[in-house]
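> File upload-v4.cif below, mmCIF, N, CA, C and O atoms and all ligand atoms:
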data_structure
loop_
_atom_site.label_atom_id
_atom_site.label_comp_id
_atom_site.auth_asym_id
_atom_site.auth_seq_id
_atom_site.Cartn_x
_atom_site.Cartn_y
_atom_site.Cartn_z
N MET Z 176 24.25 -19.01 -20.83
CA MET Z 176 24.84 -20.27 -21.27
C MET Z 176 26.13 -19.99 -22.03
O MET Z 176 26.23 -19.02 -22.77
N ALA Z 177 27.11 -20.86 -21.83
CA ALA Z 177 28.38 -20.71 -22.53
C ALA Z 177 28.20 -20.98 -24.02
O ALA Z 177 27.51 -21.91 -24.41
N VAL Z 178 28.83 -20.13 -24.81
CA VAL Z 178 28.70 -20.24 -26.26
C VAL Z 178 30.09 -20.53 -26.85
O VAL Z 178 31.06 -19.88 -26.47
N PRO Z 179 30.20 -21.49 -27.76
CA PRO Z 179 31.50 -21.79 -28.36
C PRO Z 179 32.02 -20.60 -29.15
O PRO Z 179 31.26 -19.93 -29.87
N LYS Z 180 33.31 -20.34 -28.99
CA LYS Z 180 33.91 -19.19 -29.66
C LYS Z 180 34.11 -19.46 -31.14
O LYS Z 180 33.95 -18.57 -31.96
N LYS Z 181 34.49 -20.71 -31.45
CA LYS Z 181 34.76 -21.07 -32.84
C LYS Z 181 33.85 -22.20 -33.27
O LYS Z 181 33.52 -23.07 -32.45
N LYS Z 182 33.52 -22.19 -34.51
CA LYS Z 182 32.74 -23.32 -35.05
C LYS Z 182 33.65 -24.54 -35.13
O LYS Z 182 34.79 -24.44 -35.59
N THR Z 183 33.15 -25.68 -34.67
CA THR Z 183 33.92 -26.92 -34.75
C THR Z 183 34.02 -27.34 -36.22
O THR Z 183 33.00 -27.42 -36.92
N THR Z 184 35.24 -27.58 -36.66
CA THR Z 184 35.44 -27.95 -38.06
C THR Z 184 34.88 -29.35 -38.31
O THR Z 184 34.73 -30.15 -37.38
N LYS Z 185 34.62 -29.63 -39.58
CA LYS Z 185 34.12 -30.97 -39.94
C LYS Z 185 35.08 -32.06 -39.51
O LYS Z 185 34.68 -33.12 -39.06
N ALA Z 186 36.38 -31.76 -39.66
CA ALA Z 186 37.40 -32.75 -39.31
C ALA Z 186 37.38 -33.03 -37.81
O ALA Z 186 37.38 -34.19 -37.39
N LYS Z 187 37.34 -31.97 -37.01
CA LYS Z 187 37.32 -32.14 -35.56
C LYS Z 187 36.06 -32.86 -35.11
O LYS Z 187 36.09 -33.76 -34.27
N ARG Z 188 34.96 -32.47 -35.68
CA ARG Z 188 33.68 -33.10 -35.35
C ARG Z 188 33.71 -34.59 -35.68
O ARG Z 188 33.30 -35.42 -34.88
N ASP Z 189 34.21 -34.90 -36.87
CA ASP Z 189 34.23 -36.30 -37.29
C ASP Z 189 35.24 -37.13 -36.51
O ASP Z 189 35.01 -38.31 -36.25
N GLN Z 190 36.36 -36.49 -36.12
CA GLN Z 190 37.33 -37.20 -35.28
C GLN Z 190 36.69 -37.58 -33.96
O GLN Z 190 36.89 -38.67 -33.44
N ARG Z 191 35.93 -36.66 -33.41
CA ARG Z 191 35.28 -36.91 -32.13
C ARG Z 191 34.29 -38.08 -32.28
O ARG Z 191 34.23 -38.97 -31.44
N ARG Z 192 33.52 -38.05 -33.34
CA ARG Z 192 32.50 -39.09 -33.51
C ARG Z 192 33.10 -40.45 -33.87
O ARG Z 192 32.47 -41.48 -33.65
N ALA Z 193 34.30 -40.42 -34.43
CA ALA Z 193 34.93 -41.68 -34.82
C ALA Z 193 35.26 -42.54 -33.62
O ALA Z 193 35.37 -43.76 -33.72
N HIS Z 194 35.43 -41.92 -32.45
CA HIS Z 194 35.82 -42.66 -31.26
C HIS Z 194 34.61 -43.05 -30.42
O HIS Z 194 34.75 -43.43 -29.26
N TRP Z 195 33.46 -42.90 -30.99
CA TRP Z 195 32.26 -43.09 -30.20
C TRP Z 195 32.09 -44.52 -29.71
O TRP Z 195 31.76 -44.77 -28.57
N LYS Z 196 32.30 -45.50 -30.57
CA LYS Z 196 32.12 -46.89 -30.14
C LYS Z 196 33.35 -47.72 -30.44
O LYS Z 196 33.33 -48.63 -31.26
N VAL Z 197 34.42 -47.37 -29.75
CA VAL Z 197 35.67 -48.09 -29.98
C VAL Z 197 35.77 -49.34 -29.13
O VAL Z 197 36.40 -50.30 -29.51
N THR Z 198 35.13 -49.32 -27.96
CA THR Z 198 35.28 -50.45 -27.05
C THR Z 198 34.38 -51.60 -27.46
O THR Z 198 33.22 -51.41 -27.81
N LYS Z 199 34.94 -52.77 -27.41
CA LYS Z 199 34.22 -53.98 -27.71
C LYS Z 199 33.30 -54.31 -26.54
O LYS Z 199 33.68 -54.09 -25.39
N SER Z 200 32.14 -54.84 -26.82
CA SER Z 200 31.27 -55.25 -25.73
C SER Z 200 31.84 -56.52 -25.11
O SER Z 200 32.00 -57.54 -25.78
N GLU Z 201 32.19 -56.42 -23.85
CA GLU Z 201 32.87 -57.53 -23.20
C GLU Z 201 31.88 -58.51 -22.60
O GLU Z 201 30.79 -58.13 -22.22
N VAL Z 202 32.33 -59.73 -22.50
CA VAL Z 202 31.48 -60.76 -21.94
C VAL Z 202 32.23 -61.48 -20.83
O VAL Z 202 33.44 -61.69 -20.93
N SER Z 203 31.51 -61.86 -19.81
CA SER Z 203 32.11 -62.66 -18.75
C SER Z 203 31.24 -63.89 -18.56
O SER Z 203 30.17 -64.02 -19.16
N LYS Z 204 31.73 -64.80 -17.73
CA LYS Z 204 30.97 -66.03 -17.52
C LYS Z 204 30.26 -66.01 -16.18
O LYS Z 204 30.81 -65.50 -15.20
N CYS Z 205 29.09 -66.60 -16.17
CA CYS Z 205 28.33 -66.69 -14.93
C CYS Z 205 29.03 -67.68 -13.99
O CYS Z 205 29.34 -68.80 -14.41
N PRO Z 206 29.30 -67.30 -12.74
CA PRO Z 206 30.01 -68.21 -11.84
C PRO Z 206 29.18 -69.42 -11.42
O PRO Z 206 29.74 -70.44 -11.02
N SER Z 207 27.87 -69.33 -11.51
CA SER Z 207 27.05 -70.45 -11.06
C SER Z 207 26.65 -71.40 -12.17
O SER Z 207 26.57 -72.60 -11.96
N CYS Z 208 26.40 -70.90 -13.40
CA CYS Z 208 25.99 -71.83 -14.46
C CYS Z 208 26.94 -71.81 -15.64
O CYS Z 208 26.85 -72.67 -16.51
N GLY Z 209 27.88 -70.87 -15.70
CA GLY Z 209 28.88 -70.87 -16.76
C GLY Z 209 28.43 -70.26 -18.07
O GLY Z 209 29.18 -70.28 -19.03
N ALA Z 210 27.25 -69.71 -18.11
CA ALA Z 210 26.76 -69.10 -19.33
C ALA Z 210 27.41 -67.73 -19.53
O ALA Z 210 27.88 -67.12 -18.57
N PHE Z 211 27.46 -67.28 -20.76
CA PHE Z 211 28.03 -65.97 -21.04
C PHE Z 211 27.05 -64.90 -20.58
O PHE Z 211 25.88 -64.90 -20.98
N VAL Z 212 27.55 -64.02 -19.77
CA VAL Z 212 26.70 -62.94 -19.26
C VAL Z 212 27.43 -61.62 -19.44
O VAL Z 212 28.65 -61.57 -19.48
N ARG Z 213 26.66 -60.57 -19.55
CA ARG Z 213 27.24 -59.24 -19.62
C ARG Z 213 27.61 -58.80 -18.21
O ARG Z 213 26.86 -59.08 -17.27
N PRO Z 214 28.73 -58.14 -18.05
CA PRO Z 214 29.14 -57.69 -16.73
C PRO Z 214 28.11 -56.73 -16.12
O PRO Z 214 27.53 -55.91 -16.84
N TYR Z 215 27.93 -56.83 -14.82
CA TYR Z 215 26.97 -56.00 -14.07
C TYR Z 215 25.54 -56.23 -14.52
O TYR Z 215 24.69 -55.37 -14.35
N HIS Z 216 25.30 -57.41 -15.09
CA HIS Z 216 23.95 -57.74 -15.49
C HIS Z 216 23.58 -59.10 -14.87
O HIS Z 216 24.44 -59.94 -14.67
N VAL Z 217 22.30 -59.26 -14.64
CA VAL Z 217 21.81 -60.52 -14.10
C VAL Z 217 21.97 -61.61 -15.17
O VAL Z 217 21.73 -61.36 -16.36
N CYS Z 218 22.37 -62.80 -14.74
CA CYS Z 218 22.48 -63.91 -15.67
C CYS Z 218 21.10 -64.30 -16.17
O CYS Z 218 20.18 -64.49 -15.37
N ILE Z 219 20.98 -64.42 -17.49
CA ILE Z 219 19.68 -64.73 -18.06
C ILE Z 219 19.35 -66.20 -17.86
O ILE Z 219 18.19 -66.60 -17.79
N GLU Z 220 20.39 -67.03 -17.80
CA GLU Z 220 20.19 -68.47 -17.72
C GLU Z 220 19.68 -68.90 -16.35
O GLU Z 220 18.72 -69.66 -16.23
N CYS Z 221 20.36 -68.44 -15.29
CA CYS Z 221 19.98 -68.91 -13.95
C CYS Z 221 19.38 -67.80 -13.09
O CYS Z 221 18.91 -68.07 -11.99
N GLY Z 222 19.39 -66.57 -13.58
CA GLY Z 222 18.77 -65.49 -12.82
C GLY Z 222 19.53 -65.05 -11.60
O GLY Z 222 18.96 -64.49 -10.67
N LYS Z 223 20.85 -65.29 -11.61
CA LYS Z 223 21.63 -64.92 -10.43
C LYS Z 223 22.52 -63.73 -10.71
O LYS Z 223 22.99 -63.54 -11.83
N TYR Z 224 22.75 -62.97 -9.69
CA TYR Z 224 23.70 -61.86 -9.79
C TYR Z 224 24.44 -61.76 -8.47
O TYR Z 224 23.83 -61.71 -7.41
N LYS Z 225 25.77 -61.80 -8.53
CA LYS Z 225 26.64 -61.77 -7.36
C LYS Z 225 26.28 -62.88 -6.37
O LYS Z 225 26.20 -62.67 -5.16
N GLY Z 226 25.99 -64.07 -6.91
CA GLY Z 226 25.70 -65.23 -6.08
C GLY Z 226 24.34 -65.20 -5.43
O GLY Z 226 24.04 -66.00 -4.56
N ARG Z 227 23.52 -64.27 -5.84
CA ARG Z 227 22.21 -64.12 -5.23
C ARG Z 227 21.14 -64.36 -6.29
O ARG Z 227 21.30 -63.93 -7.43
N GLN Z 228 20.07 -65.04 -5.92
CA GLN Z 228 18.98 -65.27 -6.86
C GLN Z 228 18.16 -64.00 -7.00
O GLN Z 228 17.60 -63.51 -6.03
N VAL Z 229 18.16 -63.46 -8.19
CA VAL Z 229 17.47 -62.20 -8.41
C VAL Z 229 16.19 -62.41 -9.20
O VAL Z 229 15.15 -61.84 -8.92
N LEU Z 230 16.29 -63.26 -10.21
CA LEU Z 230 15.14 -63.51 -11.07
C LEU Z 230 14.61 -64.91 -10.84
O LEU Z 230 15.39 -65.86 -10.62
N ALA Z 231 13.32 -65.04 -10.87
CA ALA Z 231 12.72 -66.36 -10.81
C ALA Z 231 12.73 -66.94 -12.22
O ALA Z 231 12.14 -66.38 -13.14
N ILE Z 232 13.46 -68.05 -12.38
CA ILE Z 232 13.59 -68.66 -13.70
C ILE Z 232 12.51 -69.72 -13.87
O ILE Z 232 12.33 -70.59 -13.01
N LYS Z 233 11.82 -69.62 -14.98
CA LYS Z 233 10.78 -70.61 -15.27
C LYS Z 233 11.45 -71.91 -15.72
O LYS Z 233 12.40 -71.89 -16.50
N GLU Z 234 10.95 -73.00 -15.24
CA GLU Z 234 11.52 -74.31 -15.59
C GLU Z 234 11.21 -74.64 -17.04
O GLU Z 234 10.21 -74.20 -17.61
N GLU Z 235 12.10 -75.46 -17.62
CA GLU Z 235 11.96 -75.85 -19.00
C GLU Z 235 10.74 -76.72 -19.23
O GLU Z 235 10.08 -76.66 -20.24
N THR Z 236 10.42 -77.56 -18.22
CA THR Z 236 9.32 -78.49 -18.37
C THR Z 236 7.99 -77.75 -18.25
O THR Z 236 7.68 -77.13 -17.25
N ALA Z 237 7.23 -77.82 -19.34
CA ALA Z 237 5.92 -77.18 -19.33
C ALA Z 237 4.90 -78.12 -18.71
O ALA Z 237 4.84 -79.30 -19.05
N SER Z 238 4.11 -77.59 -17.84
CA SER Z 238 3.11 -78.43 -17.16
C SER Z 238 1.87 -78.59 -18.01
O SER Z 238 1.41 -77.65 -18.64
ZN ZN K 1 23.99 -68.17 -14.56
#
Go ahead and express the file in the form of structure tokens.


Amino acid sequence: MAVPKKKTTKAKRDQRRAHWKVTKSEVSKCPSCGAFVRPYHVCIECGKYKGRQVLAIKEETAS
């Protein structure tokens, strides 16, 4: 296994970790119901992904 030649300094280590979560979690809108959905995720509101019904959504009206 490759072994590091030099010990990583505290500064270098901390600089690396400082960039760990720089990107904001982005949100997009569902094309079918308009709800906020995470990209590449199934819409929680209508259960659709890429115009296709993926999840069976339970109706609001309880029987
Ligand atoms: Zn939707």

> So that each row is one residue of chain Z with an atom at most 9 Å from ligand ZN 1 (chain K), can you give its shortest atom pair and the distance in Å to one decimal, using only C-alpha atoms and all ligand atoms, rows by chain and rising number, as JSON lines?


{"residue": "Z:Lys204", "atom": "CA", "partner": "K:ZN1", "partner_atom": "ZN", "distance": 7.9}
{"residue": "Z:Cys205", "atom": "CA", "partner": "K:ZN1", "partner_atom": "ZN", "distance": 4.6}
{"residue": "Z:Pro206", "atom": "CA", "partner": "K:ZN1", "partner_atom": "ZN", "distance": 6.6}
{"residue": "Z:Ser207", "atom": "CA", "partner": "K:ZN1", "partner_atom": "ZN", "distance": 5.2}
{"residue": "Z:Cys208", "atom": "CA", "partner": "K:ZN1", "partner_atom": "ZN", "distance": 4.2}
{"residue": "Z:Gly209", "atom": "CA", "partner": "K:ZN1", "partner_atom": "ZN", "distance": 6.0}
{"residue": "Z:Ala210", "atom": "CA", "partner": "K:ZN1", "partner_atom": "ZN", "distance": 5.6}
{"residue": "Z:Phe211", "atom": "CA", "partner": "K:ZN1", "partner_atom": "ZN", "distance": 7.9}
{"residue": "Z:Val212", "atom": "CA", "partner": "K:ZN1", "partner_atom": "ZN", "distance": 7.5}
{"residue": "Z:Val217", "atom": "CA", "partner": "K:ZN1", "partner_atom": "ZN", "distance": 8.0}
{"residue": "Z:Cys218", "atom": "CA", "partner": "K:ZN1", "partner_atom": "ZN", "distance": 4.7}
{"residue": "Z:Ile219", "atom": "CA", "partner": "K:ZN1", "partner_atom": "ZN", "distance": 6.5}
{"residue": "Z:Glu220", "atom": "CA", "partner": "K:ZN1", "partner_atom": "ZN", "distance": 5.0}
{"residue": "Z:Cys221", "atom": "CA", "partner": "K:ZN1", "partner_atom": "ZN", "distance": 4.1}
{"residue": "Z:Gly222", "atom": "CA", "partner": "K:ZN1", "partner_atom": "ZN", "distance": 6.1}
{"residue": "Z:Lys223", "atom": "CA", "partner": "K:ZN1", "partner_atom": "ZN", "distance": 5.8}
{"residue": "Z:Tyr224", "atom": "CA", "partner": "K:ZN1", "partner_atom": "ZN", "distance": 7.9}

> Quick one, how far is CA of Ala177 in chain Z from CA of Arg191 in chain Z?

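Computing it gives 20.1 Å between the two atoms.
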
> If you measure from CA of Leu230 in chain Z to CA of Ser203 in chain Z, what distance in Å do you get, rounded to one decimal?

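Calculated distance between CA of Leu230 in chain Z and CA of Ser203 in chain Z is 18.6 Å.
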
> What is the distance, in Å and to one decimal place, between atom N of Pro214 in chain Z and CA of Lys199 in chain Z?

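For atom N of Pro214 in chain Z relative to CA of Lys199 in chain Z, the distance reads 11.9 Å.
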
> Could you pull out all residues of chain Z with a DSSP call of strand (DSSP E) and give them as a ChimeraX atom specification?

/Z:203-204,211-212,223-224,227-228

> Find the residue from Z:Arg213, Z:Lys187, Z:Lys225, Z:Lys182 that sits nearest to Ser200 in chain Z; use only N, CA, C and O atoms when measuring.

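Closest to Ser200 in chain Z, using only N, CA, C and O atoms: Z:Arg213.
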
> Kindly compute an axis-aligned box around the listed atoms of range 197-206 of chain Z, allowing 5 Å on each side, and express its centre and edge lengths in Å to one decimal as AutoDock Vina command-line options.


--center_x 32.4 --center_y -58.9 --center_z -20.5 --size_x 18.1 --size_y 33.1 --size_z 29.0
